[in-house]
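> Please find entry21.cif (mmCIF, C-alpha atoms) on the next line:
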data_model
loop_
_atom_site.label_atom_id
_atom_site.label_comp_id
_atom_site.auth_asym_id
_atom_site.auth_seq_id
_atom_site.Cartn_x
_atom_site.Cartn_y
_atom_site.Cartn_z
CA MET Z 24 57.84 1.18 -23.49
CA SER Z 25 58.10 -1.09 -20.50
CA THR Z 26 55.96 -4.16 -20.09
CA GLU Z 27 54.37 -2.64 -17.05
CA THR Z 28 52.62 0.18 -18.93
CA LEU Z 29 51.54 -2.26 -21.62
CA GLU Z 30 49.84 -4.35 -19.01
CA GLN Z 31 48.15 -1.28 -17.62
CA GLU Z 32 46.89 -0.30 -21.03
CA GLU Z 33 45.52 -3.76 -21.52
CA ALA Z 34 43.69 -3.57 -18.22
CA VAL Z 35 42.09 -0.29 -19.28
CA LEU Z 36 41.02 -1.83 -22.58
CA ILE Z 37 39.42 -4.76 -20.84
CA LYS Z 38 37.57 -2.44 -18.48
CA GLU Z 39 36.04 -0.44 -21.33
CA LYS Z 40 33.21 -2.74 -22.31
CA PRO Z 41 31.21 -1.84 -25.41
CA SER Z 42 28.38 0.36 -24.22
CA GLU Z 43 25.04 -1.34 -23.89
CA PRO Z 44 22.27 -0.39 -26.31
CA PHE Z 45 19.60 1.93 -24.97
CA LEU Z 46 17.06 -0.89 -24.75
CA SER Z 47 19.04 -4.11 -24.73
CA LYS Z 48 17.46 -7.52 -24.26
CA ARG Z 49 18.43 -7.51 -20.60
CA ARG Z 50 16.84 -4.12 -20.08
CA LYS Z 51 13.65 -5.02 -21.93
CA LYS Z 52 13.18 -7.78 -19.40
CA PHE Z 53 13.00 -5.18 -16.61
CA ILE Z 54 9.86 -3.82 -18.22
CA SER Z 55 8.28 -7.00 -19.57
CA ASP Z 56 8.78 -9.27 -16.56
CA PRO Z 57 6.55 -7.41 -14.07
CA LEU Z 58 3.73 -7.23 -16.62
CA ILE Z 59 2.85 -10.92 -16.58
CA ASP Z 60 5.36 -13.40 -15.17
CA ASP Z 61 6.40 -11.45 -12.09
CA ASN Z 62 3.44 -9.15 -11.61
CA PRO Z 63 3.68 -7.12 -8.40
CA ILE Z 64 0.03 -7.66 -7.49
CA SER Z 65 -0.95 -11.11 -8.66
CA ILE Z 66 2.36 -12.95 -8.16
CA GLN Z 67 4.35 -11.00 -5.56
CA VAL Z 68 1.25 -10.01 -3.53
CA LEU Z 69 2.28 -6.39 -3.01
CA GLY Z 70 0.31 -3.17 -3.03
CA ILE Z 71 -3.11 -4.73 -2.69
CA CYS Z 72 -4.60 -2.01 -0.48
CA SER Z 73 -4.67 0.78 -2.99
CA ALA Z 74 -5.36 -1.67 -5.80
CA LEU Z 75 -8.80 -2.22 -4.29
CA ALA Z 76 -9.65 1.06 -2.65
CA VAL Z 77 -9.61 3.38 -5.66
CA THR Z 78 -11.01 1.04 -8.29
CA VAL Z 79 -14.70 1.96 -8.07
CA LYS Z 80 -14.38 4.16 -11.18
CA MET Z 81 -11.92 4.20 -14.09
CA GLU Z 82 -10.89 7.85 -13.80
CA PRO Z 83 -9.52 7.88 -10.24
CA THR Z 84 -7.91 4.51 -10.97
CA LEU Z 85 -6.02 5.95 -13.94
CA THR Z 86 -4.89 8.91 -11.81
CA MET Z 87 -3.74 6.56 -9.10
CA ALA Z 88 -1.88 4.35 -11.57
CA ILE Z 89 -0.01 7.34 -12.99
CA ALA Z 90 0.77 8.69 -9.52
CA VAL Z 91 2.10 5.36 -8.26
CA THR Z 92 4.19 4.78 -11.39
CA ALA Z 93 5.70 8.25 -11.06
CA VAL Z 94 6.53 7.70 -7.39
CA ILE Z 95 8.13 4.30 -8.08
CA VAL Z 96 10.22 5.62 -10.97
CA PHE Z 97 11.50 8.71 -9.18
CA SER Z 98 12.13 7.05 -5.83
CA ASN Z 99 13.98 4.24 -7.64
CA LEU Z 100 16.09 6.85 -9.45
CA ILE Z 101 16.91 8.86 -6.31
CA ILE Z 102 17.74 5.84 -4.17
CA SER Z 103 19.84 4.36 -6.94
CA LEU Z 104 21.81 7.61 -7.25
CA ILE Z 105 22.61 7.80 -3.54
CA ARG Z 106 22.73 4.05 -2.84
CA ASP Z 107 26.43 4.06 -1.98
CA PHE Z 108 26.03 6.77 0.64
CA ILE Z 109 23.15 5.25 2.63
CA PRO Z 110 24.27 3.52 5.84
CA ASN Z 111 22.69 0.09 5.90
CA ARG Z 112 21.14 0.42 9.35
CA ILE Z 113 19.03 3.48 8.60
CA ARG Z 114 18.13 2.70 5.00
CA ILE Z 115 14.43 2.08 5.74
CA ILE Z 116 14.04 5.54 7.26
CA VAL Z 117 15.92 7.13 4.34
CA GLN Z 118 13.69 5.31 1.86
CA LEU Z 119 10.53 6.28 3.74
CA ALA Z 120 11.60 9.92 3.86
CA ILE Z 121 12.24 10.03 0.11
CA ILE Z 122 8.96 8.27 -0.69
CA ALA Z 123 7.04 10.56 1.66
CA ALA Z 124 8.59 13.65 0.06
CA LEU Z 125 7.67 12.45 -3.44
CA VAL Z 126 4.13 11.58 -2.38
CA THR Z 127 3.75 15.02 -0.82
CA LEU Z 128 4.80 16.47 -4.18
CA VAL Z 129 2.24 14.34 -6.03
CA SER Z 130 -0.52 15.30 -3.64
CA GLU Z 131 0.31 19.03 -3.91
CA ILE Z 132 0.25 18.78 -7.72
CA LEU Z 133 -3.12 17.01 -7.60
CA LYS Z 134 -4.43 19.64 -5.19
CA ALA Z 135 -3.31 22.44 -7.48
CA TYR Z 136 -4.47 21.12 -10.86
CA TYR Z 137 -7.06 18.38 -10.26
CA TYR Z 138 -8.77 19.39 -7.05
CA ASP Z 139 -11.91 17.32 -7.76
CA MET Z 140 -9.80 14.21 -8.25
CA PHE Z 141 -7.85 15.02 -5.09
CA LYS Z 142 -11.15 15.07 -3.17
CA VAL Z 143 -12.21 11.73 -4.66
CA LEU Z 144 -8.94 9.98 -3.83
CA GLY Z 145 -8.75 11.57 -0.38
CA ALA Z 146 -6.51 9.74 2.06
CA TYR Z 147 -5.48 7.18 -0.54
CA VAL Z 148 -3.00 9.59 -2.14
CA GLY Z 149 -1.10 9.66 1.16
CA LEU Z 150 -1.30 5.91 1.34
CA ILE Z 151 0.98 5.58 -1.69
CA ILE Z 152 3.73 5.98 0.94
CA THR Z 153 2.84 2.63 2.43
CA ASN Z 154 2.30 0.95 -0.93
CA CYS Z 155 4.54 -2.08 -0.58
CA ILE Z 156 5.47 -2.07 -4.28
CA VAL Z 157 7.43 1.17 -3.90
CA MET Z 158 9.31 0.01 -0.84
CA GLY Z 159 9.78 -3.46 -2.30
CA ARG Z 160 11.39 -2.18 -5.49
CA LEU Z 161 13.72 0.11 -3.55
CA GLU Z 162 14.87 -2.73 -1.32
CA ALA Z 163 15.07 -5.40 -4.00
CA PHE Z 164 16.36 -3.41 -6.97
CA ALA Z 165 17.35 0.22 -6.59
CA MET Z 166 19.71 -0.43 -3.68
CA ALA Z 167 21.90 -2.61 -5.91
CA ASN Z 168 21.54 -1.31 -9.45
CA LYS Z 169 22.48 1.62 -11.69
CA PRO Z 170 20.11 4.62 -12.09
CA TYR Z 171 19.00 3.95 -15.67
CA ASP Z 172 18.22 0.29 -14.98
CA SER Z 173 16.32 1.36 -11.88
CA ILE Z 174 14.14 3.73 -13.89
CA LEU Z 175 13.23 0.92 -16.29
CA ASP Z 176 12.52 -1.42 -13.41
CA GLY Z 177 10.27 1.21 -11.83
CA LEU Z 178 8.41 1.68 -15.11
CA GLY Z 179 7.89 -2.06 -15.44
CA SER Z 180 6.51 -2.46 -11.94
CA GLY Z 181 4.33 0.61 -12.38
CA PHE Z 182 2.81 -0.74 -15.59
CA GLY Z 183 2.31 -4.18 -14.05
CA TYR Z 184 0.40 -2.52 -11.22
CA ALA Z 185 -1.50 -0.23 -13.57
CA TRP Z 186 -3.00 -2.83 -15.89
CA ILE Z 187 -4.29 -4.97 -13.04
CA ILE Z 188 -6.05 -2.11 -11.26
CA LEU Z 189 -7.42 -0.80 -14.56
CA VAL Z 190 -8.95 -4.19 -15.36
CA VAL Z 191 -10.48 -4.41 -11.88
CA ALA Z 192 -11.83 -0.86 -12.23
CA PHE Z 193 -13.24 -1.62 -15.70
CA PHE Z 194 -15.41 -4.45 -14.39
CA ARG Z 195 -16.37 -2.65 -11.21
CA GLU Z 196 -17.51 0.47 -13.04
CA LEU Z 197 -19.19 -1.47 -15.85
CA LEU Z 198 -21.19 -3.76 -13.57
CA GLY Z 199 -21.55 -1.40 -10.61
CA SER Z 200 -22.43 1.87 -12.34
CA GLY Z 201 -23.08 0.72 -15.91
CA SER Z 202 -20.54 3.19 -17.28
CA ILE Z 203 -16.93 3.50 -18.47
CA PHE Z 204 -15.06 6.72 -17.67
CA ASP Z 205 -18.45 8.07 -16.52
CA PHE Z 206 -19.89 7.43 -20.00
CA LYS Z 207 -23.20 5.61 -19.56
CA ILE Z 208 -22.46 2.75 -21.89
CA PHE Z 209 -25.64 0.74 -21.46
CA ALA Z 210 -27.86 3.80 -21.85
CA ALA Z 211 -25.98 4.62 -25.06
CA ILE Z 212 -26.76 1.27 -26.67
CA GLY Z 213 -30.39 1.62 -25.71
CA TRP Z 214 -30.43 -0.72 -22.71
CA SER Z 215 -31.11 1.86 -20.05
CA GLY Z 216 -32.74 -0.68 -17.74
CA PHE Z 217 -29.44 -2.48 -17.16
CA PRO Z 218 -29.51 -3.79 -13.58
CA THR Z 219 -26.40 -2.44 -11.85
CA ASN Z 220 -24.97 -4.48 -9.03
CA GLY Z 221 -24.45 -2.62 -5.76
CA LEU Z 222 -21.96 -5.21 -4.54
CA MET Z 223 -19.52 -4.15 -7.27
CA VAL Z 224 -19.38 -0.60 -5.97
CA ASP Z 225 -18.82 -2.04 -2.52
CA SER Z 226 -15.57 -3.58 -1.25
CA ILE Z 227 -16.88 -7.11 -1.79
CA GLY Z 228 -16.97 -6.77 -5.56
CA ALA Z 229 -13.34 -5.66 -5.53
CA PHE Z 230 -12.23 -8.73 -3.58
CA MET Z 231 -14.17 -11.05 -5.87
CA ILE Z 232 -12.97 -9.53 -9.14
CA LEU Z 233 -9.35 -9.40 -8.02
CA GLY Z 234 -9.59 -13.01 -6.77
CA ILE Z 235 -10.95 -14.22 -10.11
CA LEU Z 236 -8.43 -12.12 -12.06
CA ILE Z 237 -5.57 -13.65 -10.06
CA TRP Z 238 -7.00 -17.11 -10.69
CA ILE Z 239 -7.09 -16.56 -14.45
CA GLN Z 240 -3.68 -14.90 -14.53
CA ARG Z 241 -1.99 -17.60 -12.45
CA SER Z 242 -3.59 -20.41 -14.45
CA LYS Z 243 -2.09 -18.84 -17.59
CA THR Z 244 1.41 -18.35 -16.21
CA GLY Z 245 1.30 -21.69 -14.39
CA TYR Z 246 2.42 -20.10 -11.13
CA VAL Z 247 1.46 -22.24 -8.14
CA GLU Z 248 1.80 -20.97 -4.60
CA ALA Z 249 3.58 -23.34 -2.21
CA HIS Z 250 1.75 -24.45 0.90
CA MET R 21 -20.66 6.97 24.82
CA GLU R 22 -19.52 8.59 21.61
CA ALA R 23 -16.10 6.98 22.11
CA LEU R 24 -17.65 3.53 22.59
CA ASN R 25 -19.67 4.06 19.46
CA ILE R 26 -16.49 4.82 17.51
CA VAL R 27 -14.86 1.64 18.81
CA ILE R 28 -17.84 -0.46 17.71
CA ARG R 29 -17.93 1.24 14.34
CA GLY R 30 -14.22 0.65 13.88
CA ILE R 31 -14.56 -3.05 14.56
CA PHE R 32 -17.74 -4.01 12.74
CA ILE R 33 -18.86 -1.36 10.28
CA ASP R 34 -15.84 0.66 9.16
CA ASN R 35 -13.55 -2.32 9.45
CA MET R 36 -10.07 -1.48 8.19
CA ILE R 37 -9.92 -4.58 6.02
CA PHE R 38 -13.43 -5.09 4.75
CA ALA R 39 -14.49 -1.49 4.21
CA TYR R 40 -11.25 0.34 3.40
CA PHE R 41 -8.82 -2.39 2.24
CA LEU R 42 -6.10 -1.04 4.52
CA GLY R 43 -3.33 -3.29 5.78
CA MET R 44 -4.07 -5.91 3.16
CA CYS R 45 -0.42 -6.82 2.60
CA SER R 46 0.24 -8.09 6.11
CA PHE R 47 -3.35 -9.33 6.32
CA LEU R 48 -2.63 -11.69 3.44
CA ALA R 49 0.96 -12.54 4.30
CA VAL R 50 0.69 -13.29 8.03
CA SER R 51 -2.66 -15.07 8.09
CA LYS R 52 -1.39 -18.61 7.57
CA LYS R 53 -1.33 -19.52 11.26
CA VAL R 54 -3.63 -18.35 14.05
CA SER R 55 -0.80 -17.93 16.57
CA THR R 56 1.25 -15.54 14.40
CA ALA R 57 -1.89 -13.72 13.31
CA PHE R 58 -2.76 -13.25 16.99
CA GLY R 59 0.65 -11.70 17.68
CA LEU R 60 0.54 -9.37 14.71
CA GLY R 61 -3.01 -8.32 15.59
CA LEU R 62 -1.94 -7.42 19.12
CA ALA R 63 1.05 -5.45 17.83
CA VAL R 64 -1.20 -3.52 15.43
CA ILE R 65 -3.63 -2.66 18.26
CA CYS R 66 -0.70 -1.40 20.40
CA VAL R 67 0.84 0.70 17.64
CA LEU R 68 -2.51 2.16 16.51
CA THR R 69 -3.66 3.06 20.03
CA ILE R 70 -0.42 4.98 20.54
CA THR R 71 0.17 6.57 17.13
CA VAL R 72 -3.29 7.94 16.40
CA PRO R 73 -3.48 10.14 19.54
CA VAL R 74 0.19 11.17 19.17
CA ASN R 75 -0.43 12.19 15.57
CA TRP R 76 -3.60 13.96 16.67
CA ILE R 77 -1.63 16.06 19.17
CA ILE R 78 1.04 16.90 16.59
CA ASN R 79 -1.52 17.74 13.93
CA GLU R 80 -3.61 19.86 16.26
CA ASN R 81 -0.71 21.84 17.75
CA ILE R 82 1.84 22.10 14.96
CA LEU R 83 0.61 21.16 11.51
CA LYS R 84 -2.91 22.55 11.20
CA GLU R 85 -3.47 25.98 9.68
CA GLY R 86 -3.13 28.59 12.41
CA SER R 87 -2.31 26.01 15.06
CA LEU R 88 1.09 27.54 15.76
CA ALA R 89 -0.65 30.56 17.31
CA TRP R 90 0.55 29.47 20.77
CA MET R 91 4.08 30.49 19.72
CA GLY R 92 3.06 34.10 19.21
CA GLU R 93 1.13 36.21 16.74
CA ALA R 94 3.81 36.06 14.06
CA TYR R 95 3.21 32.33 13.62
CA GLU R 96 -0.57 32.48 13.24
CA ALA R 97 -0.61 32.43 9.46
CA ILE R 98 1.59 29.37 9.05
CA ASP R 99 0.02 26.31 7.45
CA LEU R 100 2.14 23.18 7.65
CA THR R 101 -0.52 20.75 6.42
CA PHE R 102 1.67 19.67 3.51
CA MET R 103 4.14 18.22 6.03
CA GLN R 104 1.49 15.77 7.29
CA PHE R 105 2.69 12.70 5.40
CA ILE R 106 6.34 13.02 6.37
CA ILE R 107 5.67 13.80 10.04
CA PHE R 108 3.06 11.06 10.41
CA ILE R 109 5.25 8.39 8.87
CA ALA R 110 8.19 9.47 11.03
CA VAL R 111 6.08 9.21 14.20
CA ILE R 112 4.84 5.79 13.11
CA ALA R 113 8.34 4.52 12.36
CA ALA R 114 9.57 5.70 15.76
CA MET R 115 6.60 4.15 17.59
CA VAL R 116 7.03 0.84 15.79
CA GLN R 117 10.67 0.80 16.86
CA LEU R 118 9.56 1.40 20.43
CA VAL R 119 6.92 -1.34 20.40
CA GLU R 120 9.47 -3.68 18.86
CA MET R 121 11.89 -3.04 21.72
CA VAL R 122 9.18 -3.54 24.34
CA ILE R 123 8.00 -6.83 22.80
CA GLU R 124 11.57 -8.09 22.53
CA LYS R 125 12.03 -7.40 26.23
CA VAL R 126 8.67 -8.69 27.47
CA SER R 127 8.05 -11.69 25.22
CA PRO R 128 11.02 -13.03 23.21
CA ALA R 129 8.84 -15.90 21.92
CA LEU R 130 6.33 -13.54 20.35
CA TYR R 131 9.22 -11.43 19.04
CA GLY R 132 10.70 -14.49 17.36
CA SER R 133 7.44 -15.53 15.74
CA LEU R 134 6.67 -12.06 14.42
CA GLY R 135 10.14 -11.75 12.97
CA ILE R 136 10.29 -9.59 9.87
CA PHE R 137 6.68 -8.48 10.16
CA LEU R 138 7.19 -6.25 13.16
CA PRO R 139 9.32 -3.63 11.38
CA LEU R 140 6.96 -3.97 8.43
CA ILE R 141 4.12 -2.61 10.56
CA ALA R 142 5.71 0.77 9.85
CA VAL R 143 4.68 0.41 6.23
CA ASN R 144 1.30 -1.13 7.07
CA CYS R 145 -1.32 1.02 5.39
CA ALA R 146 -3.74 0.50 8.27
CA ILE R 147 -1.53 2.54 10.60
CA LEU R 148 -0.96 5.52 8.32
CA GLY R 149 -4.52 5.25 7.01
CA SER R 150 -6.01 5.57 10.49
CA SER R 151 -4.01 8.73 11.12
CA LEU R 152 -5.13 10.25 7.82
CA PHE R 153 -8.78 9.30 8.40
CA MET R 154 -8.54 10.75 11.89
CA VAL R 155 -7.60 14.10 10.35
CA GLN R 156 -10.41 13.90 7.80
CA ARG R 157 -13.05 13.20 10.42
CA ASP R 158 -12.20 15.97 12.90
CA TYR R 159 -12.10 13.85 16.02
CA ASN R 160 -11.16 15.18 19.46
CA LEU R 161 -8.40 13.52 21.52
CA VAL R 162 -10.61 10.94 23.26
CA GLU R 163 -12.36 10.06 20.02
CA ALA R 164 -9.03 9.76 18.23
CA THR R 165 -7.74 7.32 20.83
CA ALA R 166 -10.97 5.33 20.64
CA TYR R 167 -10.70 5.32 16.86
CA GLY R 168 -7.13 4.03 16.99
CA PHE R 169 -8.12 1.25 19.37
CA GLY R 170 -11.28 0.39 17.45
CA SER R 171 -9.69 0.13 14.03
CA GLY R 172 -6.81 -1.87 15.53
CA SER R 173 -9.29 -4.29 17.07
CA GLY R 174 -11.12 -4.55 13.76
CA PHE R 175 -7.88 -5.60 12.09
CA PHE R 176 -7.19 -8.04 14.94
CA PHE R 177 -10.53 -9.84 14.60
CA ALA R 178 -10.39 -9.91 10.82
CA ILE R 179 -6.90 -11.40 10.64
CA ILE R 180 -7.64 -14.06 13.28
CA ALA R 181 -10.84 -15.09 11.52
CA LEU R 182 -9.03 -15.38 8.21
CA ALA R 183 -6.14 -17.32 9.74
CA ALA R 184 -8.56 -19.81 11.29
CA ILE R 185 -10.23 -20.38 7.93
CA ARG R 186 -6.91 -20.74 6.12
CA GLU R 187 -5.66 -23.32 8.65
CA LYS R 188 -8.61 -25.53 7.69
CA LEU R 189 -8.15 -24.82 3.98
CA LYS R 190 -4.72 -26.40 4.04
CA TYR R 191 -6.38 -29.81 3.83
CA SER R 192 -8.68 -29.09 0.92
CA ASN R 193 -8.02 -29.71 -2.73
CA VAL R 194 -7.87 -26.31 -4.41
CA PRO R 195 -7.30 -25.73 -8.16
CA ASP R 196 -3.66 -24.82 -8.76
CA GLY R 197 -4.14 -21.28 -10.00
CA LEU R 198 -6.55 -20.42 -7.22
CA ARG R 199 -4.33 -21.69 -4.43
CA GLY R 200 -3.04 -19.08 -2.02
CA LEU R 201 -3.77 -15.47 -2.89
CA GLY R 202 -6.70 -16.03 -5.25
CA LEU R 203 -8.72 -18.11 -2.84
CA THR R 204 -7.82 -15.83 0.06
CA MET R 205 -9.22 -12.88 -1.89
CA LEU R 206 -12.51 -14.68 -2.52
CA ILE R 207 -12.77 -15.70 1.14
CA THR R 208 -12.09 -12.13 2.24
CA GLY R 209 -14.90 -11.03 -0.04
CA LEU R 210 -17.30 -13.51 1.55
CA MET R 211 -16.22 -12.41 5.03
CA GLY R 212 -16.84 -8.82 4.00
CA LEU R 213 -20.32 -9.82 2.90
CA ALA R 214 -20.92 -11.27 6.37
CA PHE R 215 -19.63 -8.10 8.02
CA LYS R 216 -22.12 -6.09 5.94
CA SER R 217 -24.85 -7.41 8.19
CA PHE R 218 -23.55 -5.19 11.01
CA ILE R 219 -24.36 -1.98 9.11
CA GLY R 220 -26.62 0.28 11.08
CA ILE R 221 -25.56 -0.73 14.58
CA VAL R 222 -25.60 2.38 16.78
CA LEU R 223 -25.29 2.30 20.54
#
In structure tokens, write the structure found in this file.

Amino acid sequence: MSTETLEQEEAVLIKEKPSEPFLSKRRKKFISDPLIDDNPISIQVLGICSALAVTVKMEPTLTMAIAVTAVIVFSNLIISLIRDFIPNRIRIIVQLAIIAALVTLVSEILKAYYYDMFKVLGAYVGLIITNCIVMGRLEAFAMANKPYDSILDGLGSGFGYAWIILVVAFFRELLGSGSIFDFKIFAAIGWSGFPTNGLMVDSIGAFMILGILIWIQRSKTGYVEAH
Amino acid sequence: MEALNIVIRGIFIDNMIFAYFLGMCSFLAVSKKVSTAFGLGLAVICVLTITVPVNWIINENILKEGSLAWMGEAYEAIDLTFMQFIIFIAVIAAMVQLVEMVIEKVSPALYGSLGIFLPLIAVNCAILGSSLFMVQRDYNLVEATAYGFGSGSGFFFAIIALAAIREKLKYSNVPDGLRGLGLTMLITGLMGLAFKSFIGIVL
């Protein structure tokens, strides 16, 4: 055996790294980081529009959270699979086309199985296309990473988005309509005269609650915005 | 008169920001200085006034159920409504590109100060949102144009007002966690409260 082939064999051995565990420490970070420390809404300031618009009640909010998470995960996966074939100059259009196709799919599914919910969400289903979180993850992560990592990253961002809008919706529905998931909670505990606050149903309540939530969240993480 | 009414509604009552939360991302990100906010506001007005009527024409003549009848009887039953999102976003992206080229030619200074935010108008929810609302509300062509202009102007006034407030805020002592986004959210809420006083205006 010549030295040359030995060297080649060595090179192959070095290349074959031990395969990474299914959920290694590095990969867990993809999911845990966006939940608190790098939250898409409260720290990165992305995707605020839909965070506020659908949060009057818990049920549409949950639907929206699931829809957005699904779109982020699948668009991340698709872009990550074809990332080497996308010419850099037209990547925005390619990304938009894929997101728009996925959102169309989501809206058709909603129309077919949850027509009432589709009516409630209205134009905001279509507005997932312009949700900056989706686009931001594609640009920042999926364009440079492997498919499986991209799925985890999408899940993390989706969950980070979901818990914030669910908390906002919880307070808006509780104080604005006196109910949770349309269950009249104050009537159930015998306080049917609970004064509901009309401002909470309105846009103003959403701004206030999200502002306060961001304040609490940032005080905890110690994140301070530069001037 | 109806068109004027729609413009007024778009600015004061159905304001894109305060009533529908559309375009919040750029509203928050570009409102640190009045001059940049002014530029972005103008660009949004331009893009909206063009895209809403263009999307109206496309929706009315191609996408709506039965709207392909002008091509012959065989096409009458076609319903392309599910293509709305993709077509609308494509039109918007193309129009933004066009506006970008025009601004670069006409005013390089404004182009420089808008920088990254000009291409980002394509993913501004206010633009796509206006087109989708236009479909929901069954406007005619004149009303659609007025709606595009009105909601663009609403965004313009809102972002300039916020930028002016934030310029002053730079000198105040804000708690660390509240600085930036948190305080901006609260201020936007208060501004929305002020805009509520316009409810009921009809010309």
> With the file shown as input, list the residues that the PyMOL selection byres ((chain R and resi 196-211) around 6) selects, as a compact mmCIF listing (two decimals) with C-alpha atoms, in the frame of the given file.

# COMPACT_ATOMS: atom_id res chain seq x y z
CA ILE Z 227 -16.88 -7.11 -1.79
CA PHE Z 230 -12.23 -8.73 -3.58
CA MET Z 231 -14.17 -11.05 -5.87
CA GLY Z 234 -9.59 -13.01 -6.77
CA ILE Z 237 -5.57 -13.65 -10.06
CA TRP Z 238 -7.00 -17.11 -10.69
CA ARG Z 241 -1.99 -17.60 -12.45
CA SER Z 242 -3.59 -20.41 -14.45
CA VAL Z 247 1.46 -22.24 -8.14
CA GLU Z 248 1.80 -20.97 -4.60
CA VAL R 194 -7.87 -26.31 -4.41
CA PRO R 195 -7.30 -25.73 -8.16
CA GLY R 212 -16.84 -8.82 4.00
CA LEU R 213 -20.32 -9.82 2.90
CA ALA R 214 -20.92 -11.27 6.37
> I need the chain Z residues near chain R as number ranges by chain; criterion: at most 9 Å, counting only C-alpha atoms.
Z: 65-66, 68-76, 116, 119-120, 122-124, 126-128, 130-131, 145-147, 149-155, 158, 222, 225-250
> May I ask for the distance between atom CA of Glu196 of chain Z and atom CA of Lys80 of chain Z, given in Å to one decimal place?
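Distance reported for this atom pair: 5.2 Å.
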> Rounded to one decimal in Å, what is the spacing between atom CA of Gly216 of chain Z and atom CA of Val143 of chain Z?
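Separation of atom CA of Gly216 of chain Z and atom CA of Val143 of chain Z: 27.3 Å.
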> In Å, with one decimal, what is the gap from atom CA of Asp158 of chain R to atom CA of Leu133 of chain Z?
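Separation between atom CA of Asp158 of chain R and atom CA of Leu133 of chain Z: 22.4 Å.
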> Of the candidates Z:Ile105, Z:Met81, Z:Leu58, Z:Val224, which shows the shortest atom-to-atom distance to Asp205 of chain Z, using all atoms listed in the file?
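Once distances to Asp205 of chain Z are computed over all atoms listed in the file, the minimum belongs to Z:Met81.
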> Apply the PyMOL selection byres ((chain R and resi 73) around 8) to the displayed file and report the matching residues as an NGL selection string.
:R and (69-72 or 74-77 or 161 or 164-165 or 168)
> Any chance you can output those residues with C-alpha atoms as a short mmCIF file (atom, residue, chain, number, x, y, z; two decimals), in the frame of the given file?

data_model
loop_
_atom_site.label_atom_id
_atom_site.label_comp_id
_atom_site.auth_asym_id
_atom_site.auth_seq_id
_atom_site.Cartn_x
_atom_site.Cartn_y
_atom_site.Cartn_z
CA THR R 69 -3.66 3.06 20.03
CA ILE R 70 -0.42 4.98 20.54
CA THR R 71 0.17 6.57 17.13
CA VAL R 72 -3.29 7.94 16.40
CA VAL R 74 0.19 11.17 19.17
CA ASN R 75 -0.43 12.19 15.57
CA TRP R 76 -3.60 13.96 16.67
CA ILE R 77 -1.63 16.06 19.17
CA LEU R 161 -8.40 13.52 21.52
CA ALA R 164 -9.03 9.76 18.23
CA THR R 165 -7.74 7.32 20.83
CA GLY R 168 -7.13 4.03 16.99
#
> Using all atoms listed in the file, what residues lie at most 8 Å away from (-9.1, -2.6, -11.2) (file coordinates), given as a PyMOL selection string?
chain Z and resi 74-75+78-79+81+84+186-195+229+233
> Produce a file of the selected residues containing C-alpha atoms, as a compact mmCIF listing (two decimals), keeping the file's coordinate frame.

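Contents of result-v1.txt, freshly written:
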# COMPACT_ATOMS: atom_id res chain seq x y z
CA ALA Z 74 -5.36 -1.67 -5.80
CA LEU Z 75 -8.80 -2.22 -4.29
CA THR Z 78 -11.01 1.04 -8.29
CA VAL Z 79 -14.70 1.96 -8.07
CA MET Z 81 -11.92 4.20 -14.09
CA THR Z 84 -7.91 4.51 -10.97
CA TRP Z 186 -3.00 -2.83 -15.89
CA ILE Z 187 -4.29 -4.97 -13.04
CA ILE Z 188 -6.05 -2.11 -11.26
CA LEU Z 189 -7.42 -0.80 -14.56
CA VAL Z 190 -8.95 -4.19 -15.36
CA VAL Z 191 -10.48 -4.41 -11.88
CA ALA Z 192 -11.83 -0.86 -12.23
CA PHE Z 193 -13.24 -1.62 -15.70
CA PHE Z 194 -15.41 -4.45 -14.39
CA ARG Z 195 -16.37 -2.65 -11.21
CA ALA Z 229 -13.34 -5.66 -5.53
CA LEU Z 233 -9.35 -9.40 -8.02
> Name the closest residue to Pro170 of chain Z among the candidates Z:Ile54, Z:Ile101, Z:Ala88, Z:Val77; distances are taken between atoms, counting all atoms listed in the file.
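Smallest separation from Pro170 of chain Z among the options: Z:Ile101.
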> Could you state which residues are captured by the PyMOL selection byres ((chain R and resi 97-100) around 8) in this file, as a PDB file with C-alpha atoms, keeping the file's coordinate frame?

ATOM      1  CA  ILE R  82       1.840  22.100  14.960  1.00  0.00           C
ATOM      2  CA  LEU R  83       0.610  21.160  11.510  1.00  0.00           C
ATOM      3  CA  LYS R  84      -2.910  22.550  11.200  1.00  0.00           C
ATOM      4  CA  GLU R  85      -3.470  25.980   9.680  1.00  0.00           C
ATOM      5  CA  GLY R  86      -3.130  28.590  12.410  1.00  0.00           C
ATOM      6  CA  SER R  87      -2.310  26.010  15.060  1.00  0.00           C
ATOM      7  CA  LEU R  88       1.090  27.540  15.760  1.00  0.00           C
ATOM      8  CA  ALA R  94       3.810  36.060  14.060  1.00  0.00           C
ATOM      9  CA  TYR R  95       3.210  32.330  13.620  1.00  0.00           C
ATOM     10  CA  GLU R  96      -0.570  32.480  13.240  1.00  0.00           C
ATOM     11  CA  THR R 101      -0.520  20.750   6.420  1.00  0.00           C
ATOM     12  CA  PHE R 102       1.670  19.670   3.510  1.00  0.00           C
ATOM     13  CA  MET R 103       4.140  18.220   6.030  1.00  0.00           C
ATOM     14  CA  GLN R 104       1.490  15.770   7.290  1.00  0.00           C
TER      15      GLN R 104
END
> Z:Phe108, Z:Phe206, Z:Phe141, Z:Phe182: which is nearest Thr92 of chain Z, counting only C-alpha atoms?
Z:Phe182
